[in-house]
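Read the structure below first, then the notes.
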Amino acid sequence: MNAMPARDERERAIDHAADRLAYLVLSFGLLAVVAWRSLARGEAAWDLLALVVLGGAVGTAYRATRGVAGRRWLGAAAASVVVGLVVAALAAALAAVARA
């Protein structure tokens with residue numbers, strides 16, 4: 001049985017870059033479908049939005065458990081969550097006003 005040849009850092013870097021691009025395409029594609037469903041068709045798309053959020057949470061948890069997420073990185077992630085919650089609250093308030 002032949003053993004797999006050793007992989008060098010260049011191959012690993014290319015694999016990681018490809019995985020990152022695939023994740024970005026998938027995440028932003030799902031966000032586009034969520035927006036299209038909710039705005040154009042008036043359907044709820046919480047299931048797809050949960051996939052996007054869960055994907056980000058899993059990546060963050062993996063980094064944190066491996067000790068890669070530093071204090072600065074976690075601060076930026078926390079700030080992003082706060083800004084996202086504020087924007088979501090404003091959007092919900094505007095939607096409620098528009099319905100009234």
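For the structure tokens, the naming scheme is as follows: chains receive sequential letters (A, B, ...) according to their order of presentation, residues are indexed from 1 within each chain, and ligands are indexed from 1 in presentation order.
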Show which residues sit within 9 Å of segment 74-89 of chain A, as an MDAnalysis selection string. Count only C-alpha atoms, and ignore same-chain residues fewer than 4 positions away.
chainID A and resid 60 64 69:70 93:94
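The space between atom CA of Ala45 of chain A and atom CA of Arg20 of chain A spans 24.2 Å.
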Determine which residues of segment 13-76 of chain A receive a DSSP assignment of alpha helix (DSSP H), computed from the backbone, and state them as a ChimeraX atom specification.
/A:13-35,46-65,71-76
Could the residues in this selection be written to a file with N, CA and C atoms, as a compact mmCIF listing (two decimals), in the first residue's frame?
# COMPACT_ATOMS: atom_id res chain seq x y z
N ALA A 13 -1.73 25.83 2.20
CA ALA A 13 -2.21 27.21 2.06
C ALA A 13 -3.25 27.31 0.95
N ILE A 14 -3.02 26.61 -0.15
CA ILE A 14 -3.99 26.63 -1.25
C ILE A 14 -5.29 25.96 -0.83
N ASP A 15 -5.20 24.84 -0.11
CA ASP A 15 -6.40 24.17 0.38
C ASP A 15 -7.19 25.07 1.33
N HIS A 16 -6.51 25.75 2.21
CA HIS A 16 -7.18 26.64 3.16
C HIS A 16 -7.83 27.82 2.44
N ALA A 17 -7.13 28.37 1.45
CA ALA A 17 -7.70 29.48 0.68
C ALA A 17 -8.94 29.03 -0.10
N ALA A 18 -8.88 27.83 -0.67
CA ALA A 18 -10.03 27.31 -1.41
C ALA A 18 -11.21 27.07 -0.48
N ASP A 19 -10.95 26.52 0.70
CA ASP A 19 -12.03 26.30 1.67
C ASP A 19 -12.62 27.63 2.12
N ARG A 20 -11.79 28.63 2.30
CA ARG A 20 -12.28 29.95 2.72
C ARG A 20 -13.18 30.55 1.65
N LEU A 21 -12.75 30.48 0.39
CA LEU A 21 -13.56 31.01 -0.69
C LEU A 21 -14.89 30.26 -0.82
N ALA A 22 -14.84 28.94 -0.67
CA ALA A 22 -16.07 28.16 -0.74
C ALA A 22 -17.03 28.54 0.38
N TYR A 23 -16.50 28.75 1.58
CA TYR A 23 -17.33 29.17 2.71
C TYR A 23 -17.95 30.53 2.45
N LEU A 24 -17.17 31.47 1.92
CA LEU A 24 -17.69 32.80 1.64
C LEU A 24 -18.80 32.75 0.59
N VAL A 25 -18.59 31.98 -0.47
CA VAL A 25 -19.61 31.86 -1.51
C VAL A 25 -20.88 31.25 -0.93
N LEU A 26 -20.74 30.21 -0.15
CA LEU A 26 -21.89 29.56 0.46
C LEU A 26 -22.62 30.50 1.42
N SER A 27 -21.89 31.17 2.29
CA SER A 27 -22.51 32.06 3.27
C SER A 27 -23.23 33.23 2.61
N PHE A 28 -22.54 33.92 1.71
CA PHE A 28 -23.17 35.07 1.07
C PHE A 28 -24.26 34.63 0.10
N GLY A 29 -24.13 33.46 -0.50
CA GLY A 29 -25.22 32.92 -1.33
C GLY A 29 -26.46 32.66 -0.50
N LEU A 30 -26.27 32.06 0.67
CA LEU A 30 -27.41 31.83 1.56
C LEU A 30 -28.03 33.14 2.02
N LEU A 31 -27.20 34.13 2.33
CA LEU A 31 -27.74 35.44 2.71
C LEU A 31 -28.53 36.07 1.57
N ALA A 32 -28.08 35.91 0.35
CA ALA A 32 -28.82 36.45 -0.80
C ALA A 32 -30.17 35.74 -0.96
N VAL A 33 -30.18 34.43 -0.77
CA VAL A 33 -31.44 33.68 -0.85
C VAL A 33 -32.38 34.10 0.27
N VAL A 34 -31.84 34.32 1.46
CA VAL A 34 -32.66 34.79 2.58
C VAL A 34 -33.29 36.14 2.24
N ALA A 35 -32.48 37.06 1.72
CA ALA A 35 -32.99 38.38 1.35
C ALA A 35 -34.05 38.27 0.26
N TRP A 46 -35.88 31.79 8.09
CA TRP A 46 -35.09 31.65 9.31
C TRP A 46 -34.21 30.41 9.27
N ASP A 47 -34.66 29.37 8.58
CA ASP A 47 -33.86 28.14 8.52
C ASP A 47 -32.54 28.39 7.81
N LEU A 48 -32.58 29.12 6.71
CA LEU A 48 -31.33 29.41 5.98
C LEU A 48 -30.46 30.40 6.74
N LEU A 49 -31.10 31.38 7.36
CA LEU A 49 -30.33 32.34 8.15
C LEU A 49 -29.65 31.66 9.33
N ALA A 50 -30.32 30.68 9.91
CA ALA A 50 -29.72 29.92 11.02
C ALA A 50 -28.49 29.15 10.54
N LEU A 51 -28.51 28.65 9.31
CA LEU A 51 -27.33 27.96 8.77
C LEU A 51 -26.13 28.91 8.67
N VAL A 52 -26.37 30.14 8.23
CA VAL A 52 -25.28 31.11 8.11
C VAL A 52 -24.71 31.42 9.49
N VAL A 53 -25.60 31.68 10.46
CA VAL A 53 -25.15 32.01 11.81
C VAL A 53 -24.44 30.83 12.44
N LEU A 54 -24.98 29.63 12.28
CA LEU A 54 -24.37 28.43 12.86
C LEU A 54 -22.99 28.18 12.26
N GLY A 55 -22.85 28.39 10.96
CA GLY A 55 -21.54 28.22 10.33
C GLY A 55 -20.50 29.16 10.92
N GLY A 56 -20.87 30.41 11.15
CA GLY A 56 -19.95 31.36 11.77
C GLY A 56 -19.64 30.99 13.21
N ALA A 57 -20.66 30.53 13.93
CA ALA A 57 -20.45 30.16 15.34
C ALA A 57 -19.53 28.96 15.47
N VAL A 58 -19.68 27.99 14.58
CA VAL A 58 -18.82 26.80 14.63
C VAL A 58 -17.37 27.18 14.35
N GLY A 59 -17.15 28.01 13.35
CA GLY A 59 -15.79 28.46 13.04
C GLY A 59 -15.17 29.23 14.19
N THR A 60 -15.96 30.08 14.82
CA THR A 60 -15.47 30.86 15.95
C THR A 60 -15.15 29.97 17.14
N ALA A 61 -16.02 29.03 17.43
CA ALA A 61 -15.78 28.11 18.55
C ALA A 61 -14.54 27.26 18.30
N TYR A 62 -14.34 26.81 17.08
CA TYR A 62 -13.16 26.00 16.76
C TYR A 62 -11.89 26.81 16.97
N ARG A 63 -11.90 28.05 16.49
CA ARG A 63 -10.71 28.90 16.68
C ARG A 63 -10.45 29.15 18.16
N ALA A 64 -11.51 29.41 18.91
CA ALA A 64 -11.35 29.70 20.33
C ALA A 64 -10.80 28.50 21.09
N THR A 65 -11.29 27.29 20.77
CA THR A 65 -10.81 26.11 21.48
C THR A 65 -9.38 25.75 21.10
N ARG A 71 -7.28 38.14 21.81
CA ARG A 71 -8.15 39.14 22.46
C ARG A 71 -8.65 40.16 21.45
N ARG A 72 -7.77 40.62 20.57
CA ARG A 72 -8.17 41.61 19.56
C ARG A 72 -9.20 41.02 18.61
N TRP A 73 -9.00 39.78 18.19
CA TRP A 73 -9.93 39.12 17.27
C TRP A 73 -11.29 38.94 17.94
N LEU A 74 -11.30 38.50 19.18
CA LEU A 74 -12.57 38.32 19.90
C LEU A 74 -13.28 39.66 20.11
N GLY A 75 -12.52 40.73 20.35
CA GLY A 75 -13.12 42.06 20.47
C GLY A 75 -13.79 42.50 19.19
N ALA A 76 -13.13 42.25 18.06
CA ALA A 76 -13.72 42.60 16.77
C ALA A 76 -14.97 41.77 16.50
To one decimal place, how far is atom CA of Ala100 of chain A from atom CA of Arg41 of chain A in Å?
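Distance reported for this atom pair: 20.2 Å.
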